[in-house]
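Here is run.csv, consisting of CSV, C-alpha atoms:
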chain,number,residue,atom,x,y,z
X,1308,MET,CA,0.0,0.0,0.0
X,1309,ILE,CA,2.8,2.4,1.0
X,1310,ALA,CA,4.8,1.4,-1.9
X,1311,LEU,CA,1.8,2.1,-4.2
X,1312,ARG,CA,1.4,5.5,-2.7
X,1313,ARG,CA,5.0,6.3,-3.2
X,1314,THR,CA,4.8,5.2,-6.8
X,1315,SER,CA,1.8,7.4,-7.4
X,1316,LEU,CA,3.5,10.3,-5.6
X,1317,THR,CA,6.5,9.9,-7.9
X,1318,ILE,CA,4.3,9.8,-10.9
X,1319,ALA,CA,2.5,13.0,-9.8
X,1320,ALA,CA,5.9,14.7,-9.2
X,1321,LEU,CA,7.1,13.6,-12.6
X,1322,ALA,CA,3.9,14.8,-14.2
X,1323,CYS,CA,4.3,18.2,-12.6
X,1324,LEU,CA,7.9,18.4,-13.8
X,1325,ALA,CA,6.8,17.6,-17.3
X,1326,ALA,CA,4.1,20.2,-17.2
X,1327,THR,CA,6.5,22.9,-16.0
X,1328,ALA,CA,8.9,21.9,-18.7
X,1329,SER,CA,6.3,22.2,-21.4
X,1330,LEU,CA,4.9,25.6,-20.2
X,1331,GLY,CA,7.5,27.1,-22.4
X,1332,HIS,CA,5.3,26.4,-25.5
X,1333,GLY,CA,4.6,30.1,-26.1
X,1334,TYR,CA,5.8,32.8,-28.4
X,1335,LYS,CA,6.2,36.5,-28.3
X,1336,THR,CA,6.5,39.3,-30.8
X,1337,GLY,CA,6.3,42.9,-29.7
X,1338,SER,CA,3.1,43.3,-27.7
X,1339,LEU,CA,1.6,39.9,-28.8
X,1340,SER,CA,2.1,36.6,-27.1
X,1341,ILE,CA,0.8,33.3,-28.5
X,1342,LYS,CA,0.2,30.4,-26.2
X,1343,HIS,CA,-0.3,26.6,-26.8
X,1344,PRO,CA,-0.8,26.4,-30.5
X,1345,TRP,CA,-2.3,22.9,-31.0
X,1346,SER,CA,-3.9,20.7,-33.6
X,1347,ARG,CA,-5.6,17.3,-33.7
X,1348,GLU,CA,-4.1,14.2,-35.3
X,1349,THR,CA,-5.5,13.3,-38.7
X,1350,SER,CA,-6.0,10.0,-40.6
X,1351,ALA,CA,-4.6,9.1,-44.1
X,1352,GLY,CA,-6.9,10.7,-46.7
X,1353,GLN,CA,-8.2,13.3,-44.3
X,1354,SER,CA,-7.2,16.4,-46.2
X,1355,VAL,CA,-8.0,19.1,-43.6
X,1356,GLY,CA,-6.9,19.9,-40.1
X,1357,GLY,CA,-7.9,22.5,-37.5
X,1358,GLY,CA,-5.5,24.8,-35.5
X,1359,PHE,CA,-6.2,26.5,-32.2
X,1360,MET,CA,-4.2,28.9,-30.0
X,1361,VAL,CA,-4.6,31.9,-27.7
X,1362,VAL,CA,-3.3,35.3,-28.8
X,1363,THR,CA,-2.8,38.0,-26.0
X,1364,ASN,CA,-2.3,41.6,-26.8
X,1365,THR,CA,-0.6,43.8,-24.1
X,1366,SER,CA,-0.7,46.9,-26.3
X,1367,ALA,CA,-3.3,49.7,-26.1
X,1368,LYS,CA,-3.7,49.3,-29.9
X,1369,PRO,CA,-5.8,46.5,-31.4
X,1370,ASP,CA,-4.2,44.1,-33.8
X,1371,LYS,CA,-5.5,41.7,-36.4
X,1372,LEU,CA,-4.6,38.1,-37.4
X,1373,LEU,CA,-4.5,38.5,-41.2
X,1374,SER,CA,-3.4,35.1,-42.5
X,1375,ALA,CA,-1.1,32.2,-42.0
X,1376,THR,CA,1.0,29.8,-44.0
X,1377,THR,CA,2.5,26.4,-43.3
X,1378,THR,CA,4.7,23.9,-45.2
X,1379,ILE,CA,2.4,20.9,-44.3
X,1380,ALA,CA,-0.7,22.2,-46.1
X,1381,LYS,CA,-1.5,23.9,-49.4
X,1382,GLU,CA,-3.3,26.7,-47.7
X,1383,VAL,CA,-4.3,28.0,-44.3
X,1384,GLN,CA,-7.7,29.7,-44.0
X,1385,LEU,CA,-9.3,31.5,-41.1
X,1386,HIS,CA,-12.6,29.9,-40.1
X,1387,THR,CA,-15.3,30.2,-37.5
X,1388,MET,CA,-17.8,27.7,-36.3
X,1389,SER,CA,-21.1,28.0,-34.6
X,1390,MET,CA,-24.0,25.8,-33.4
X,1391,ASP,CA,-27.3,26.9,-34.7
X,1392,GLY,CA,-30.3,24.8,-33.5
X,1393,GLY,CA,-28.3,21.5,-33.5
X,1394,ILE,CA,-26.6,22.3,-36.8
X,1395,MET,CA,-22.9,22.9,-37.0
X,1396,ARG,CA,-22.1,25.8,-39.4
X,1397,MET,CA,-18.6,26.6,-40.5
X,1398,ARG,CA,-17.7,29.8,-42.3
X,1399,GLN,CA,-14.5,31.2,-43.8
X,1400,VAL,CA,-13.6,34.6,-42.2
X,1401,SER,CA,-12.4,37.2,-44.7
X,1402,GLY,CA,-10.5,40.3,-43.7
X,1403,GLY,CA,-8.8,38.8,-40.6
X,1404,ILE,CA,-9.7,38.2,-37.0
X,1405,ASP,CA,-9.4,41.1,-34.4
X,1406,VAL,CA,-7.1,40.9,-31.5
X,1407,PRO,CA,-8.5,43.4,-29.1
X,1408,ALA,CA,-6.3,46.1,-27.4
X,1409,LYS,CA,-5.3,44.8,-23.9
X,1410,GLY,CA,-7.2,41.7,-24.7
X,1411,THR,CA,-7.2,38.1,-25.9
X,1412,LEU,CA,-8.2,36.3,-29.1
X,1413,GLU,CA,-9.0,32.7,-28.5
X,1414,LEU,CA,-8.9,30.2,-31.4
X,1415,LYS,CA,-10.6,27.2,-29.8
X,1416,PRO,CA,-13.0,24.3,-30.6
X,1417,GLY,CA,-16.5,25.7,-31.2
X,1418,GLY,CA,-15.3,29.1,-32.4
X,1419,TYR,CA,-12.5,30.7,-34.5
X,1420,HIS,CA,-9.8,28.3,-35.8
X,1421,LEU,CA,-7.2,28.0,-38.5
X,1422,MET,CA,-8.0,25.5,-41.2
X,1423,PHE,CA,-5.1,23.7,-42.8
X,1424,MET,CA,-6.5,23.0,-46.2
X,1425,GLY,CA,-5.0,20.3,-48.4
X,1426,LEU,CA,-2.8,18.6,-45.9
X,1427,LYS,CA,0.3,17.2,-47.6
X,1428,ARG,CA,0.5,14.3,-45.1
X,1429,PRO,CA,-1.4,13.2,-42.0
X,1430,LEU,CA,-0.7,15.0,-38.7
X,1431,LYS,CA,0.8,12.5,-36.3
X,1432,LYS,CA,0.1,12.7,-32.5
X,1433,ASP,CA,3.0,14.3,-30.5
X,1434,GLU,CA,4.7,15.9,-33.5
X,1435,ARG,CA,5.0,19.6,-34.0
X,1436,PHE,CA,4.8,21.5,-37.3
X,1437,PRO,CA,5.6,25.2,-38.1
X,1438,VAL,CA,3.1,27.8,-39.0
X,1439,THR,CA,3.9,31.4,-39.9
X,1440,LEU,CA,1.2,33.8,-38.6
X,1441,LYS,CA,0.8,37.3,-40.1
X,1442,PHE,CA,-0.6,40.1,-37.9
X,1443,GLN,CA,-1.5,43.6,-39.1
X,1444,ASN,CA,0.7,45.5,-36.6
X,1445,ALA,CA,3.0,42.9,-35.0
X,1446,GLY,CA,4.1,41.5,-38.4
X,1447,THR,CA,5.0,37.8,-38.9
X,1448,LEU,CA,5.7,35.2,-36.3
X,1449,LYS,CA,6.7,31.6,-36.7
X,1450,VAL,CA,5.2,29.2,-34.1
X,1451,GLN,CA,5.1,25.4,-33.7
X,1452,PHE,CA,1.7,23.7,-33.5
X,1453,ALA,CA,1.6,20.6,-31.2
X,1454,VAL,CA,-0.4,17.7,-32.6
X,1455,GLN,CA,-2.6,16.1,-29.9
X,1456,ALA,CA,-5.0,13.1,-29.7
X,1457,VAL,CA,-8.1,13.3,-31.9
X,1458,GLY,CA,-10.3,13.5,-28.8
X,1459,SER,CA,-8.6,16.6,-27.4
X,1460,THR,CA,-10.8,19.5,-26.6
X,1461,GLY,CA,-8.1,21.9,-25.4
X,1462,PRO,CA,-4.3,22.2,-25.2
X,1463,ILE,CA,-2.9,19.5,-23.0
X,1464,GLU,CA,-0.3,21.9,-21.6
X,1465,ALA,CA,-3.0,24.3,-20.4
X,1466,ASP,CA,-4.7,21.5,-18.6
X,1467,HIS,CA,-1.6,20.5,-16.8
X,1468,ALA,CA,-0.9,24.1,-15.9
X,1469,LYS,CA,-4.2,24.3,-14.0
X,1470,HIS,CA,-3.2,21.5,-11.6
R,411,MET,CA,-88.7,-0.3,-68.1
R,412,GLN,CA,-89.7,-2.2,-65.0
R,413,SER,CA,-87.1,-4.9,-65.5
R,414,THR,CA,-84.4,-2.3,-66.2
R,415,GLU,CA,-85.2,-0.5,-62.9
R,416,THR,CA,-85.1,-3.8,-61.0
R,417,GLY,CA,-81.8,-4.7,-62.6
R,418,ALA,CA,-80.3,-1.3,-61.6
R,419,GLY,CA,-81.6,-1.8,-58.1
R,420,LYS,CA,-80.0,-5.2,-57.9
R,421,SER,CA,-76.7,-4.0,-59.2
R,422,ARG,CA,-76.8,-1.1,-56.7
R,423,PHE,CA,-77.4,-3.6,-53.9
R,424,SER,CA,-74.5,-5.8,-54.9
R,425,GLU,CA,-72.3,-2.7,-55.2
R,426,MET,CA,-73.2,-1.8,-51.6
R,427,ARG,CA,-72.5,-5.4,-50.5
R,428,ALA,CA,-69.1,-5.3,-52.1
R,429,ALA,CA,-68.3,-2.0,-50.4
R,430,LEU,CA,-69.4,-3.4,-47.0
R,431,TRP,CA,-67.1,-6.4,-47.5
R,432,VAL,CA,-64.2,-4.0,-48.4
R,433,LEU,CA,-64.9,-1.9,-45.3
R,434,ALA,CA,-65.0,-5.0,-43.1
R,435,LEU,CA,-61.7,-6.2,-44.6
R,436,LEU,CA,-60.1,-2.8,-44.0
R,437,PHE,CA,-61.3,-2.7,-40.5
R,438,THR,CA,-59.8,-6.2,-39.8
R,439,CYS,CA,-56.5,-5.1,-41.3
R,440,PHE,CA,-56.5,-1.9,-39.2
R,441,ALA,CA,-57.3,-3.9,-36.0
R,442,ALA,CA,-54.5,-6.4,-36.8
R,443,VAL,CA,-52.0,-3.5,-37.3
R,444,LEU,CA,-53.1,-1.9,-34.1
R,445,MET,CA,-52.8,-5.2,-32.1
R,446,TYR,CA,-49.3,-5.8,-33.7
R,447,PHE,CA,-47.9,-2.4,-32.7
R,448,GLY,CA,-49.7,-2.5,-29.4
R,449,GLN,CA,-47.9,-5.7,-28.5
R,450,GLY,CA,-44.6,-4.2,-29.7
R,451,ASN,CA,-45.0,-1.2,-27.4
R,452,GLY,CA,-45.7,-3.5,-24.4
R,453,ASN,CA,-42.5,-5.4,-25.0
R,454,ASN,CA,-40.2,-2.3,-25.4
R,455,ALA,CA,-38.6,-0.5,-22.5
R,456,VAL,CA,-38.6,2.6,-24.7
R,457,LYS,CA,-42.0,3.9,-25.5
R,458,ASP,CA,-42.5,4.3,-29.1
R,459,SER,CA,-44.6,7.1,-30.5
R,460,GLY,CA,-45.9,7.0,-34.0
R,461,PHE,CA,-43.0,9.4,-34.8
R,462,ALA,CA,-40.4,7.0,-33.6
R,463,ASP,CA,-41.9,4.2,-35.7
R,464,ALA,CA,-41.5,6.3,-38.8
R,465,PHE,CA,-38.0,7.6,-37.8
R,466,GLY,CA,-34.7,6.3,-39.3
R,467,GLY,CA,-34.9,3.4,-41.7
R,468,PRO,CA,-35.1,2.0,-44.2
R,469,PHE,CA,-31.6,2.8,-45.5
R,470,ALA,CA,-28.6,1.1,-47.1
R,471,LEU,CA,-25.0,2.4,-47.2
R,472,THR,CA,-21.5,1.2,-48.0
R,473,ALA,CA,-18.9,0.2,-45.3
R,474,PRO,CA,-15.1,0.6,-45.8
R,475,ASP,CA,-14.8,-3.0,-46.9
R,476,GLY,CA,-17.3,-2.5,-49.6
R,477,SER,CA,-20.1,-4.4,-47.9
R,478,THR,CA,-23.6,-3.0,-47.5
R,479,VAL,CA,-24.8,-1.9,-44.1
R,480,SER,CA,-28.5,-1.2,-43.7
R,481,ASP,CA,-31.1,-0.7,-41.0
R,482,ARG,CA,-31.7,-4.5,-41.3
R,483,THR,CA,-28.1,-5.5,-40.9
R,484,LEU,CA,-27.8,-3.1,-37.9
R,485,ALA,CA,-31.0,-4.6,-36.3
R,486,GLY,CA,-30.5,-6.8,-33.2
R,487,LYS,CA,-28.2,-4.4,-31.4
R,488,PRO,CA,-28.8,-0.7,-30.3
R,489,TYR,CA,-26.7,1.9,-32.0
R,490,ALA,CA,-25.7,5.5,-31.8
R,491,ILE,CA,-25.6,7.2,-35.2
R,492,PHE,CA,-23.9,10.5,-36.1
R,493,PHE,CA,-23.6,12.3,-39.4
R,494,GLY,CA,-20.6,14.4,-40.5
R,495,PHE,CA,-17.6,14.4,-42.8
R,496,THR,CA,-13.9,13.6,-42.3
R,497,ARG,CA,-12.7,17.2,-43.0
R,498,CYS,CA,-14.9,18.5,-40.1
R,499,PRO,CA,-12.4,20.1,-37.8
R,500,ASP,CA,-14.3,20.0,-34.5
R,501,VAL,CA,-17.8,18.7,-34.0
R,502,CYS,CA,-17.2,15.3,-35.6
R,503,PRO,CA,-13.9,14.3,-33.8
R,504,THR,CA,-15.3,15.7,-30.6
R,505,ASN,CA,-18.5,13.7,-30.8
R,506,LEU,CA,-16.8,10.4,-32.0
R,507,ALA,CA,-14.1,10.7,-29.4
R,508,ARG,CA,-16.7,11.3,-26.7
R,509,MET,CA,-18.6,8.1,-27.9
R,510,ALA,CA,-15.4,6.2,-27.6
R,511,ARG,CA,-14.8,7.6,-24.1
R,512,LEU,CA,-18.3,6.9,-22.9
R,513,ARG,CA,-18.2,3.3,-24.3
R,514,ALA,CA,-15.0,2.7,-22.2
R,515,GLN,CA,-16.8,4.1,-19.2
R,516,LEU,CA,-19.7,1.7,-19.7
R,517,LYS,CA,-17.1,-1.2,-19.4
R,518,ALA,CA,-18.8,-4.5,-20.3
R,519,ASP,CA,-22.0,-2.7,-21.4
R,520,GLY,CA,-19.9,-0.7,-23.9
R,521,ASN,CA,-20.0,-3.6,-26.3
R,522,LYS,CA,-23.8,-3.7,-26.2
R,523,PHE,CA,-24.2,-0.9,-28.8
R,524,ASN,CA,-22.7,0.0,-32.1
R,525,ILE,CA,-21.3,3.4,-33.0
R,526,VAL,CA,-22.2,4.4,-36.5
R,527,PHE,CA,-20.6,7.4,-38.4
R,528,VAL,CA,-22.2,8.5,-41.7
R,529,SER,CA,-20.3,10.8,-44.0
R,530,VAL,CA,-22.6,13.2,-45.8
R,531,ASP,CA,-19.7,14.3,-48.0
R,532,PRO,CA,-19.4,11.3,-50.5
R,533,GLU,CA,-17.5,13.6,-53.0
R,534,GLN,CA,-14.5,13.7,-50.7
R,535,ASP,CA,-15.0,10.8,-48.3
R,536,THR,CA,-14.7,7.4,-50.0
R,537,PRO,CA,-15.4,4.3,-47.9
R,538,ALA,CA,-11.7,3.7,-47.7
R,539,ILE,CA,-11.0,7.3,-46.3
R,540,ILE,CA,-13.8,6.8,-43.8
R,541,GLY,CA,-12.3,3.5,-42.7
R,542,GLU,CA,-9.0,5.2,-42.0
R,543,TYR,CA,-10.7,8.1,-40.2
R,544,VAL,CA,-12.8,6.0,-37.8
R,545,LYS,CA,-9.6,4.0,-36.8
R,546,LEU,CA,-8.3,7.2,-35.2
R,547,PHE,CA,-10.8,6.8,-32.3
R,548,GLY,CA,-9.4,3.5,-31.0
R,549,THR,CA,-12.8,1.8,-30.7
R,550,PRO,CA,-14.8,-0.1,-33.3
R,551,ILE,CA,-16.9,2.5,-35.3
R,552,ILE,CA,-18.9,1.6,-38.3
R,553,GLY,CA,-18.0,4.3,-40.9
R,554,LEU,CA,-20.5,4.6,-43.8
R,555,THR,CA,-21.3,6.6,-46.8
R,556,GLY,CA,-23.3,6.1,-50.0
R,557,THR,CA,-24.5,7.6,-53.2
R,558,GLU,CA,-26.3,10.9,-53.2
R,559,ALA,CA,-29.6,9.1,-53.4
R,560,GLN,CA,-28.7,6.7,-50.6
R,561,LEU,CA,-27.6,9.6,-48.4
R,562,ALA,CA,-30.7,11.6,-49.3
R,563,GLN,CA,-32.8,8.7,-48.1
R,564,ILE,CA,-31.1,8.3,-44.7
R,565,LYS,CA,-30.9,12.1,-44.2
R,566,LYS,CA,-34.7,12.2,-44.7
R,567,GLY,CA,-35.2,9.2,-42.4
R,568,PHE,CA,-33.3,10.9,-39.6
R,569,ALA,CA,-34.3,14.4,-40.4
R,570,VAL,CA,-30.7,15.4,-40.9
R,571,PHE,CA,-29.6,18.6,-42.5
R,572,SER,CA,-26.4,19.0,-44.5
R,573,GLN,CA,-25.3,21.6,-47.0
R,574,LYS,CA,-22.1,22.3,-48.9
R,575,VAL,CA,-20.7,25.8,-48.3
R,576,PRO,CA,-18.0,27.0,-50.7
R,577,VAL,CA,-14.6,28.5,-49.4
R,578,THR,CA,-11.9,30.2,-51.4
R,579,GLY,CA,-9.6,28.1,-53.6
R,580,GLY,CA,-12.4,26.0,-55.0
R,581,GLY,CA,-13.0,24.0,-51.8
R,582,TYR,CA,-16.0,23.7,-49.6
R,583,THR,CA,-17.0,22.8,-46.1
R,584,VAL,CA,-20.2,21.1,-45.0
R,585,ASP,CA,-22.8,22.5,-42.5
R,586,HIS,CA,-24.6,19.6,-40.9
R,587,THR,CA,-26.8,18.4,-38.0
R,588,ALA,CA,-24.6,17.6,-35.0
R,589,THR,CA,-27.0,15.4,-33.0
R,590,THR,CA,-26.3,11.8,-32.2
R,591,TYR,CA,-29.4,9.6,-32.6
R,592,LEU,CA,-29.8,6.6,-30.3
R,593,MET,CA,-31.6,3.7,-31.9
R,594,THR,CA,-33.0,0.6,-30.2
R,595,ALA,CA,-32.2,-3.0,-31.3
R,596,ASN,CA,-35.3,-3.0,-33.5
R,597,GLY,CA,-34.5,0.3,-35.2
R,598,LYS,CA,-36.7,2.7,-33.3
R,599,LEU,CA,-35.6,6.1,-32.0
R,600,ALA,CA,-34.8,5.9,-28.3
R,601,GLY,CA,-33.5,9.4,-27.9
R,602,THR,CA,-30.8,11.8,-29.0
R,603,ILE,CA,-27.5,13.2,-27.6
R,604,ASP,CA,-26.9,16.9,-28.3
R,605,HIS,CA,-23.4,18.0,-29.2
R,606,GLN,CA,-23.4,20.5,-26.3
R,607,GLU,CA,-24.8,18.1,-23.7
R,608,SER,CA,-22.6,17.0,-20.8
R,609,ASP,CA,-20.8,13.7,-20.6
R,610,THR,CA,-22.8,12.8,-17.5
R,611,VAL,CA,-26.2,13.2,-19.3
R,612,ALA,CA,-24.9,11.4,-22.4
R,613,LEU,CA,-23.6,8.5,-20.4
R,614,GLU,CA,-27.0,8.1,-18.7
R,615,LYS,CA,-28.7,8.0,-22.0
R,616,LEU,CA,-26.4,5.3,-23.3
R,617,GLN,CA,-26.9,3.3,-20.1
R,618,ARG,CA,-30.6,3.4,-20.7
R,619,LEU,CA,-30.1,2.4,-24.3
R,620,VAL,CA,-28.1,-0.7,-23.5
R,621,GLY,CA,-29.9,-1.5,-20.2
Now that the file is in, can you turn its structure into structure tokens?
Amino acid sequence: MIALRRTSLTIAALACLAATASLGHGYKTGSLSIKHPWSRETSAGQSVGGGFMVVTNTSAKPDKLLSATTTIAKEVQLHTMSMDGGIMRMRQVSGGIDVPAKGTLELKPGGYHLMFMGLKRPLKKDERFPVTLKFQNAGTLKVQFAVQAVGSTGPIEADHAKH
Amino acid sequence: MQSTETGAGKSRFSEMRAALWVLALLFTCFAAVLMYFGQGNGNNAVKDSGFADAFGGPFALTAPDGSTVSDRTLAGKPYAIFFGFTRCPDVCPTNLARMARLRAQLKADGNKFNIVFVSVDPEQDTPAIIGEYVKLFGTPIIGLTGTEAQLAQIKKGFAVFSQKVPVTGGGYTVDHTATTYLMTANGKLAGTIDHQESDTVALEKLQRLVG
């Protein structure tokens, strides 16, 4: 029993360490910071993937996410999703997505997201792939998207950070 | 004149007799149907309304191995059926992953129902692509699609909406109903799970379906 407890304590300690180590998955450019860019694994033949992240603006000036590019897909589009009487509706966003002054833009399941259109290969769990984001004021920024299990509903790192 | 009138009277009488026979036959049929469905209701844990009787089948679609899966082949085991497409970035993986998770939580009872995924995007999703897609979820999922006509039939049966929406670059995305329909072993609607419903409620509904 004691041995078991010790084992679970060790596991918990290791998990905390791992979480701390991965908290570094964030990026900064000027007044913008990007946290936990993540995507879901895809199967062979599945030609599209979604991308999520949190953009925080510390400036008093609003910014705008204009576009993105990546080597792993033909095109990156900005999309939004909404539920309307039990029907899922997805729409392409034109003209960029606002990052409010002294505020946060969340790209997350059920709302805004990046669409990696025409994936050149399936996204494998636990890998990372580069995406270049283009903002109106902050300019371009290269980030790494972490590929998570298909059932993920949020970034794994953020979940760990809460514990 | 007289005989003609009598003849007309006779033929009117035999017409009435025939009509009465037809009515009696119809009544017998109607009573038989009522008795049949009345008995069915008594045996089912789930109460079937007239709506539930009409809901769902018949339908026939194609599985990844090329075989035909229909309301008849699915009969005998309850099933949870969800409509979507493999390029769906969010609702579809979230729902299917949840079904896989809830099935695991049901332990032994988890094998007492089938999970069925129907792609409403046959242009992009071949049966083979759907087969690869459902494998992602780590639990047996019956992935199906069909011709436009076959899909129109099942969408009508389940009152499912789907519509292509163009995006730039010549592509498109698909708006679609994100409800999971729970069907009994004899193909009747037992209930639904909404995409935004909690896991707790969804689990209770599945427990009732297999219980």
Nearest to R:Leu484, chosen from R:Val528, R:Leu616, R:Ala470, R:Ala569, with all atoms listed in the file counted in the distances: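 Smallest separation from R:Leu484 among the options: R:Ala470.
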Nearest residue to chain R from the set X:Lys1409, X:Lys1371, X:Arg1347, X:Lys1441 (distances using all atoms listed in the file): X:Arg1347
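Minimum atom-to-atom distance to X:Ser1389, evaluated using only C-alpha atoms, belongs to R:Ala588 out of R:Ala612, R:Ile491, R:Ala588, R:Leu546.
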Straight-line distance linking atom CA of R:Ile564 with atom CA of X:Gly1417, stated in Å to one decimal: 26.4 Å
Would you mind listing, for every residue of chain R within 8 Å of chain X, the two atoms forming the shortest contact and the distance between them in Å to one decimal, using only C-alpha atoms, sorted by chain and ascending residue number, as a Markdown table?
| residue | atom | partner | partner_atom | distance |
| --- | --- | --- | --- | --- |
| R:Thr496 | CA | X:Gln1353 | CA | 6.0 |
| R:Arg497 | CA | X:Val1355 | CA | 5.1 |
| R:Cys498 | CA | X:Val1355 | CA | 7.8 |
| R:Pro499 | CA | X:Gly1357 | CA | 5.1 |
| R:Asp500 | CA | X:Pro1416 | CA | 5.9 |
| R:Val501 | CA | X:Met1395 | CA | 7.3 |
| R:Pro503 | CA | X:Val1457 | CA | 6.2 |
| R:Thr504 | CA | X:Gly1458 | CA | 5.8 |
| R:Leu506 | CA | X:Gly1458 | CA | 7.9 |
| R:Ala507 | CA | X:Gly1458 | CA | 4.8 |
| R:Arg508 | CA | X:Gly1458 | CA | 7.1 |
| R:Ile539 | CA | X:Gly1352 | CA | 5.3 |
| R:Glu542 | CA | X:Ser1350 | CA | 5.8 |
| R:Tyr543 | CA | X:Ser1350 | CA | 5.1 |
| R:Lys545 | CA | X:Ser1350 | CA | 8.0 |
| R:Leu546 | CA | X:Ser1350 | CA | 6.5 |
| R:Phe547 | CA | X:Val1457 | CA | 7.0 |
| R:Phe571 | CA | X:Ile1394 | CA | 7.4 |
| R:Val575 | CA | X:Arg1398 | CA | 7.8 |
| R:Val577 | CA | X:Gln1399 | CA | 6.2 |
| R:Thr583 | CA | X:Met1397 | CA | 7.0 |
| R:Val584 | CA | X:Met1397 | CA | 7.3 |
| R:Asp585 | CA | X:Arg1396 | CA | 4.6 |
| R:His586 | CA | X:Ile1394 | CA | 5.3 |
| R:Thr587 | CA | X:Ile1394 | CA | 4.1 |
| R:Ala588 | CA | X:Ile1394 | CA | 5.4 |
| R:Thr589 | CA | X:Gly1393 | CA | 6.3 |
| R:Asp604 | CA | X:Gly1393 | CA | 7.1 |
| R:His605 | CA | X:Gly1393 | CA | 7.4 |
One-decimal distance in Å that lies between atom CA of X:Gln1451 and atom CA of X:Phe1436: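 Taking atom CA of X:Phe1436 and atom CA of X:Gln1451, their separation equals 5.3 Å.
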Counting all atoms listed in the file, what is within 9 Å of X:Gln1455, bar same-chain residues fewer than 6 positions away, as a PDB file with C-alpha atoms, in the coordinates of the input?
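around26.pdb, freshly written:
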ATOM      1  CA  TRP X1345      -2.300  22.900 -31.000  1.00  0.00           C
ATOM      2  CA  SER X1346      -3.900  20.700 -33.600  1.00  0.00           C
ATOM      3  CA  ARG X1347      -5.600  17.300 -33.700  1.00  0.00           C
ATOM      4  CA  GLU X1348      -4.100  14.200 -35.300  1.00  0.00           C
ATOM      5  CA  LYS X1431       0.800  12.500 -36.300  1.00  0.00           C
ATOM      6  CA  LYS X1432       0.100  12.700 -32.500  1.00  0.00           C
ATOM      7  CA  ASP X1433       3.000  14.300 -30.500  1.00  0.00           C
ATOM      8  CA  GLU X1434       4.700  15.900 -33.500  1.00  0.00           C
ATOM      9  CA  PRO X1462      -4.300  22.200 -25.200  1.00  0.00           C
ATOM     10  CA  ILE X1463      -2.900  19.500 -23.000  1.00  0.00           C
TER      11      ILE X1463
END
Coordinates-based distance that separates atom CA of R:Thr610 from atom CA of R:Gly553 (Å, one decimal):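 Between these atoms lies a distance of 25.4 Å.
For the set X:Ala1380, X:Ala1408, X:Ala1367, X:Leu1372, the residue with the smallest atom-to-atom gap to X:Ala1445 is X:Leu1372, counting all atoms listed in the file.
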Dump as JSON lines the rows for residues of stretch 531-574 of chain R within 9 Å of stretch 464-469 of chain R: closest atom pair and distance in Å with one decimal, only C-alpha atoms counted, ordered by chain and rising residue number.
{"residue": "R:Gln560", "atom": "CA", "partner": "R:Phe469", "partner_atom": "CA", "distance": 7.0}
{"residue": "R:Leu561", "atom": "CA", "partner": "R:Phe469", "partner_atom": "CA", "distance": 8.4}
{"residue": "R:Gln563", "atom": "CA", "partner": "R:Phe469", "partner_atom": "CA", "distance": 6.6}
{"residue": "R:Ile564", "atom": "CA", "partner": "R:Phe469", "partner_atom": "CA", "distance": 5.6}
{"residue": "R:Lys565", "atom": "CA", "partner": "R:Gly466", "partner_atom": "CA", "distance": 8.5}
{"residue": "R:Lys566", "atom": "CA", "partner": "R:Gly466", "partner_atom": "CA", "distance": 8.0}
{"residue": "R:Gly567", "atom": "CA", "partner": "R:Gly466", "partner_atom": "CA", "distance": 4.3}
{"residue": "R:Phe568", "atom": "CA", "partner": "R:Gly466", "partner_atom": "CA", "distance": 4.8}
{"residue": "R:Ala569", "atom": "CA", "partner": "R:Phe465", "partner_atom": "CA", "distance": 8.2}
Residue contacts of X:Ser1338 (8 Å, all atoms listed in the file) excluding same-chain residues fewer than 5 positions away, as a count of residues only: 4
Residue nearest X:His1343 among X:Phe1442, X:Thr1447, X:Arg1435, X:Leu1373 (counting all atoms listed in the file):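 Closest to X:His1343 of all the choices is X:Arg1435.
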R:Gly476, R:Gln573, R:Ala490, R:Ser529 ranked by distance to R:Leu512, top pick (using all atoms listed in the file):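 Ranking R:Gly476, R:Gln573, R:Ala490, R:Ser529 by distance to R:Leu512, first place goes to R:Ala490.
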Test item: residues at most 10 Å from X:Ser1340, all atoms listed in the file, excluding those fewer than 2 positions along its chain, as a ChimeraX atom specification: /X:1333-1338,1342,1361-1365,1411,1448
